[in-house]
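Undergrad: The structure's right below; bear with me while I get my questions together.
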Amino acid sequence: MTNNDIVQKLWNLCDVLRDDGINYSDYVTELVLLLFIKMVHENTEAGTLKNHPLPQGCRWTDLNEKSGINLLNDYKRILLSLSTGKDNDGKPVHEDPLISAIYADAQTRLREPRHLEQMIKTLDQIDWFSAQKDGLGDLYEGLLEKNANETKSGAGQYFTPRALIDSMVRCIRPQIGETIQDPSAGTAGFLVAADQYMRAQTDDYLDLSAKDARFQKNKAFIGVELVPSTRRLALMNCLLHGMEGDKEGVVHLGNALGMVGQSLDKADIILANPPFGTAKGGEASITRDDLTYKTSNKQLAFLQHIYRNLKPGGRAAVVLPDNVLFEAGVGTEVRRDLMNKCNLHTILRLPTGIFYAQGVKTNVLFFTKGSAKDKLQEENCTENVWVYDLRTNMPSFGKRTPFGEKHLKPFEAVFSPSPLAGEGRGEGEAAQAAHPSFHPQNRTEGEYSFNAEEIDLSADAKKAEENQDADEQLIKSRWRCFSREWIADHKGDSLDIAWLKDSDSVDAANLPEPSVLAGEAMGELVQALGELDGLMRELGAGEEADKFLTLINEVLGEVK
């Protein structure tokens, strides 16, 4: 039985949860509360879990032989004990802060004992020996990915595709002894991937001294997550991958745009995919007083945190939407400050359809604190920005056309063409001094994967500023270099740099005003909703249609 088979079997348990009246958005939270107890049991049986065992009376063997109301009541008791560290009589059960954090405020919404019994029997029937070979952490992460791909769950908003995470980690190349941070950790995908990368370089840390191994397990990784239920998933994910962190775990609960973020130590590496959108409370909800440029745009605030929180010579890879690249006003000031304080050496323009929010166009920015010549330099650190266009003439990715590692390999090949010696075994500043990924060198323009040379450039594309005075062949390359001076003179410090536009492309400059486009879209939606309402009533589902109309009124509010 493969991990994919097991993940599907676990996901099928959601049918049981639905039968018990549990909402789609709560499926994974409900499932993992039970699943984690089972996984700790399997890890303990296999001898792979040395620390953080579950206390007596709160283990899998205290559940799997019971039935009926006694089973459900015992399960509720176990969740309460794991959460509070005390039993029903107030007596201490455990003093493990990490277990308490994982099960903080944990409650089951299950009402039928038979449904809990069915879930326990299904978990006991899984071939856990097969799962152990790939690691229970990978199995757990597969479940999180499955949840993110099911758009009804709404979980994809904090799940970055694993192929992209792994590619960013390979480009950044974390080293033993470095501190790695994610201020918007989600389910800890970046932190786990960085840990897995270094384990692969060091025989699962067995090549390290005891001191270095302890550092990797307890101090190398730190994340911040705002949503308690998401943080629970992150802590489970880390612990199942052998990452313990400090007494609060690897991922702390809090707001990186508040005091928690301000108190974070500076990091060697920051990997992040900050949440999209605007802070609901405007600038006032971003309580940091150390960010130079006040804004309600969460991405611009996160970007400031990230480049300010890097150590000299530290490096970052950050997923950001297009608007961060071209937004005027504060956006321009933040980009100038970034290019001033850091060497923004690479931008990867990502294809559409790889995130939960289908319409959002995104990029990865790669930058290093300081300049290529001096990591302590604080001004004029960016000399050239290399851009890889993985968006133009690429398929629309989704379930039918999955985005994967093969789509990122050409970019990785040009990102850092120099081979590295002794990778994964560097320590601190010594590693930085010899590491070409800090300031990539020996790059050459021109990369034509995915039939780039066959793109029939539009007339407007040939006239674009990016293509003036450029080689006829180079304007069809996916990999180009632009000087800092050119960006300032020709783009006004916008980083929305695009030169590949085929003859079928829609030129954003010729589109109607955003308000007109939004109005047209809303009109089409209203028409579609009206047609669906009529169809439901013809099918005899009038009551359901009325419920949806009520929901729409609640969401949109009453028109006055």
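Order determines the names: the first chain of the structure tokens is A, the second B, and so forth; residues in each chain are numbered 1 upward, and ligands are numbered 1 upward as they are shown.
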Can you pull out every residue within 9 Å of segment 39-42 of chain A, counting only C-alpha atoms, but drop anything in the same chain fewer than 2 positions away, and send it as a count of residues only?

TA: 21

Undergrad: As a PyMOL selection string, please: all residues of segment 182-423 of chain A that backbone DSSP puts in helix (DSSP H, G or I).

TA: chain A and resi 189-201+210-218+228-240+259-262+282-285+298-308+322-326+330-341+405-407+409-415

Undergrad: Within 9 Å of segment 288-312 of chain A, which residues of segment 173-230 of chain A show up? Give each one with its shortest atom-to-atom distance in Å (one decimal) and the two atoms involved, counting only C-alpha atoms, rows by chain then rising residue number, as a tab-separated table.

TA:
residue	atom	partner	partner_atom	distance
A:Asp182	CA	A:Ile306	CA	9.0
A:Pro183	CA	A:Phe302	CA	7.9
A:Ser184	CA	A:Phe302	CA	8.6

Undergrad: Would you mind exporting N, CA, C and O atoms of the selected residues as a compact mmCIF listing (two decimals), in the first residue's frame?

TA:
# COMPACT_ATOMS: atom_id res chain seq x y z
N ASP A 182 10.14 31.18 9.13
CA ASP A 182 8.98 31.42 8.28
C ASP A 182 7.96 32.20 9.09
O ASP A 182 7.33 31.66 9.99
N PRO A 183 7.78 33.50 8.81
CA PRO A 183 6.88 34.33 9.61
C PRO A 183 5.40 34.10 9.32
O PRO A 183 4.54 34.65 10.01
N SER A 184 5.09 33.32 8.29
CA SER A 184 3.69 32.97 7.98
C SER A 184 3.65 31.48 7.72
O SER A 184 3.41 31.02 6.61

Undergrad: In Å, with one decimal, what is the gap from atom CA of Ile165 of chain A to atom CA of Ala317 of chain A?

TA: 9.7 Å

Undergrad: Please, what distance in Å, to one decimal, runs between atom CA of Pro275 of chain A and atom CA of Leu143 of chain A?

TA: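 So the answer is 21.1 Å.
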
Undergrad: Counting only C-alpha atoms, figure out which residue out of A:Gly446, A:Gly90, A:Pro113, A:Gly223 gets nearest to Asp265 of chain A.

TA: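 The answer is A:Gly223, which sits nearest to Asp265 of chain A.
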
Undergrad: Which is closer to Ala464 of chain A than all the others in A:Asn43, A:Ile552, A:Lys217, A:His490, using only C-alpha atoms?

TA: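 Using only C-alpha atoms, Ala464 of chain A sits closest to A:His490.
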
Undergrad: Using Å and a single decimal, report how far atom CA of Glu112 of chain A sits from atom CA of Glu65 of chain A.

TA: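 Separating atom CA of Glu65 of chain A from atom CA of Glu112 of chain A is a distance of 16.7 Å.
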
Undergrad: What are the closest atom pairs, with distances in Å to one decimal, for each residue of segment 45-140 of chain A lying within 12 Å of segment 4-27 of chain A, using only C-alpha atoms, rows by chain and rising residue number, as a tab-separated table?

TA:
residue	atom	partner	partner_atom	distance
A:Gln107	CA	A:Asp26	CA	11.3
A:Thr108	CA	A:Ile22	CA	9.8
A:Arg109	CA	A:Ile22	CA	6.8
A:Leu110	CA	A:Asp20	CA	6.2
A:Arg111	CA	A:Asp20	CA	6.6
A:Glu112	CA	A:Asp20	CA	6.7
A:Pro113	CA	A:Asp20	CA	9.9
A:Arg114	CA	A:Val16	CA	9.7
A:His115	CA	A:Val16	CA	6.2
A:Leu116	CA	A:Val16	CA	8.6
A:Glu117	CA	A:Val16	CA	10.4
A:Gln118	CA	A:Val16	CA	7.9
A:Met119	CA	A:Leu13	CA	6.6
A:Ile120	CA	A:Leu13	CA	10.0
A:Lys121	CA	A:Leu13	CA	10.8
A:Thr122	CA	A:Leu13	CA	8.1
A:Leu123	CA	A:Leu10	CA	7.8
A:Asp124	CA	A:Leu10	CA	11.3
A:Gln125	CA	A:Lys9	CA	10.2
A:Ile126	CA	A:Ile6	CA	7.1
A:Asp127	CA	A:Ile6	CA	8.1
A:Trp128	CA	A:Ile6	CA	8.9
A:Phe129	CA	A:Ile6	CA	11.4
A:Ser130	CA	A:Ile6	CA	9.3
A:Ala131	CA	A:Ile6	CA	7.7
A:Gln132	CA	A:Ile6	CA	11.5
A:Asp134	CA	A:Asn4	CA	10.9
A:Leu136	CA	A:Ile6	CA	10.7
A:Gly137	CA	A:Val7	CA	11.9
A:Asp138	CA	A:Val7	CA	10.1
A:Leu139	CA	A:Val7	CA	6.7
A:Tyr140	CA	A:Val7	CA	8.0

Undergrad: Take the residues that were just selected and, keeping C-alpha atoms, output them as a PDB file, in the first residue's frame.

TA:
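The resulting again.pdb:
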ATOM      1  CA  GLN A 107     -12.551  19.273  21.280  1.00  0.00           C
ATOM      2  CA  THR A 108     -14.338  16.710  19.167  1.00  0.00           C
ATOM      3  CA  ARG A 109     -17.603  17.534  17.447  1.00  0.00           C
ATOM      4  CA  LEU A 110     -18.417  13.855  17.008  1.00  0.00           C
ATOM      5  CA  ARG A 111     -21.785  12.972  18.513  1.00  0.00           C
ATOM      6  CA  GLU A 112     -22.235   9.342  17.471  1.00  0.00           C
ATOM      7  CA  PRO A 113     -19.976   6.753  19.213  1.00  0.00           C
ATOM      8  CA  ARG A 114     -20.352   4.418  16.209  1.00  0.00           C
ATOM      9  CA  HIS A 115     -18.676   6.985  13.934  1.00  0.00           C
ATOM     10  CA  LEU A 116     -15.678   7.277  16.267  1.00  0.00           C
ATOM     11  CA  GLU A 117     -15.509   3.487  16.483  1.00  0.00           C
ATOM     12  CA  GLN A 118     -15.582   3.235  12.684  1.00  0.00           C
ATOM     13  CA  MET A 119     -12.712   5.732  12.371  1.00  0.00           C
ATOM     14  CA  ILE A 120     -10.611   3.865  14.945  1.00  0.00           C
ATOM     15  CA  LYS A 121     -11.170   0.527  13.201  1.00  0.00           C
ATOM     16  CA  THR A 122     -10.206   2.034   9.844  1.00  0.00           C
ATOM     17  CA  LEU A 123      -6.974   3.482  11.290  1.00  0.00           C
ATOM     18  CA  ASP A 124      -6.143   0.101  12.811  1.00  0.00           C
ATOM     19  CA  GLN A 125      -6.621  -1.603   9.437  1.00  0.00           C
ATOM     20  CA  ILE A 126      -4.075   0.588   7.629  1.00  0.00           C
ATOM     21  CA  ASP A 127      -0.746  -1.011   6.709  1.00  0.00           C
ATOM     22  CA  TRP A 128       1.364   1.197   8.963  1.00  0.00           C
ATOM     23  CA  PHE A 129       4.506  -0.830   8.219  1.00  0.00           C
ATOM     24  CA  SER A 130       4.338   0.401   4.610  1.00  0.00           C
ATOM     25  CA  ALA A 131       3.671   3.947   5.812  1.00  0.00           C
ATOM     26  CA  GLN A 132       6.703   3.828   8.121  1.00  0.00           C
ATOM     27  CA  ASP A 134       8.267   6.681   3.732  1.00  0.00           C
ATOM     28  CA  LEU A 136       4.642   9.101   8.914  1.00  0.00           C
ATOM     29  CA  GLY A 137       5.497  12.781   8.540  1.00  0.00           C
ATOM     30  CA  ASP A 138       5.308  12.500   4.757  1.00  0.00           C
ATOM     31  CA  LEU A 139       2.002  10.662   5.082  1.00  0.00           C
ATOM     32  CA  TYR A 140       0.638  13.416   7.309  1.00  0.00           C
TER      33      TYR A 140
END

Undergrad: Skip Pro440 of chain A itself and residues of its chain fewer than 5 positions away, then list as a PyMOL selection string all residues within 8 Å of it, counting only C-alpha atoms.

TA: chain A and resi 345+415-416

Undergrad: For Gly189 of chain A, find every residue with an atom within 8 Å (counting only C-alpha atoms), except residues of its own chain fewer than 2 positions away, and show them as a PDB file with N, CA, C and O atoms, in the first residue's frame.

TA:
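Output file part-v2.pdb follows:
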ATOM      1  N   PHE A 159      -1.582  26.694   1.883  1.00  0.00           N
ATOM      2  CA  PHE A 159      -0.778  25.555   1.449  1.00  0.00           C
ATOM      3  C   PHE A 159      -0.058  25.901   0.151  1.00  0.00           C
ATOM      4  O   PHE A 159      -0.676  26.178  -0.864  1.00  0.00           O
ATOM      5  N   THR A 160       1.268  25.907   0.190  1.00  0.00           N
ATOM      6  CA  THR A 160       2.090  26.161  -0.980  1.00  0.00           C
ATOM      7  C   THR A 160       2.409  24.821  -1.638  1.00  0.00           C
ATOM      8  O   THR A 160       2.785  23.872  -0.952  1.00  0.00           O
ATOM      9  N   ARG A 162       3.988  21.593  -2.936  1.00  0.00           N
ATOM     10  CA  ARG A 162       5.245  21.005  -2.462  1.00  0.00           C
ATOM     11  C   ARG A 162       6.359  21.133  -3.494  1.00  0.00           C
ATOM     12  O   ARG A 162       7.530  21.347  -3.137  1.00  0.00           O
ATOM     13  N   ILE A 165       7.826  24.559  -3.044  1.00  0.00           N
ATOM     14  CA  ILE A 165       8.580  24.632  -1.790  1.00  0.00           C
ATOM     15  C   ILE A 165       9.951  23.974  -1.953  1.00  0.00           C
ATOM     16  O   ILE A 165      10.986  24.553  -1.606  1.00  0.00           O
ATOM     17  N   ALA A 185       3.902  30.700   8.771  1.00  0.00           N
ATOM     18  CA  ALA A 185       4.305  29.298   8.638  1.00  0.00           C
ATOM     19  C   ALA A 185       3.231  28.384   8.063  1.00  0.00           C
ATOM     20  O   ALA A 185       3.559  27.353   7.484  1.00  0.00           O
ATOM     21  N   GLY A 186       1.946  28.709   8.221  1.00  0.00           N
ATOM     22  CA  GLY A 186       0.919  27.788   7.747  1.00  0.00           C
ATOM     23  C   GLY A 186       1.083  26.432   8.404  1.00  0.00           C
ATOM     24  O   GLY A 186       1.210  26.322   9.626  1.00  0.00           O
ATOM     25  N   THR A 187       1.150  25.380   7.608  1.00  0.00           N
ATOM     26  CA  THR A 187       1.335  24.033   8.155  1.00  0.00           C
ATOM     27  C   THR A 187       2.813  23.616   8.192  1.00  0.00           C
ATOM     28  O   THR A 187       3.133  22.442   8.286  1.00  0.00           O
ATOM     29  N   LEU A 191       9.546  24.937   6.465  1.00  0.00           N
ATOM     30  CA  LEU A 191      10.467  24.523   7.522  1.00  0.00           C
ATOM     31  C   LEU A 191      10.752  23.031   7.443  1.00  0.00           C
ATOM     32  O   LEU A 191      11.906  22.595   7.579  1.00  0.00           O
ATOM     33  N   VAL A 192       9.723  22.233   7.203  1.00  0.00           N
ATOM     34  CA  VAL A 192       9.910  20.780   7.076  1.00  0.00           C
ATOM     35  C   VAL A 192      10.775  20.463   5.862  1.00  0.00           C
ATOM     36  O   VAL A 192      11.678  19.616   5.932  1.00  0.00           O
ATOM     37  N   ALA A 193      10.526  21.151   4.751  1.00  0.00           N
ATOM     38  CA  ALA A 193      11.304  20.881   3.531  1.00  0.00           C
ATOM     39  C   ALA A 193      12.779  21.236   3.720  1.00  0.00           C
ATOM     40  O   ALA A 193      13.670  20.518   3.246  1.00  0.00           O
TER      41      ALA A 193
END
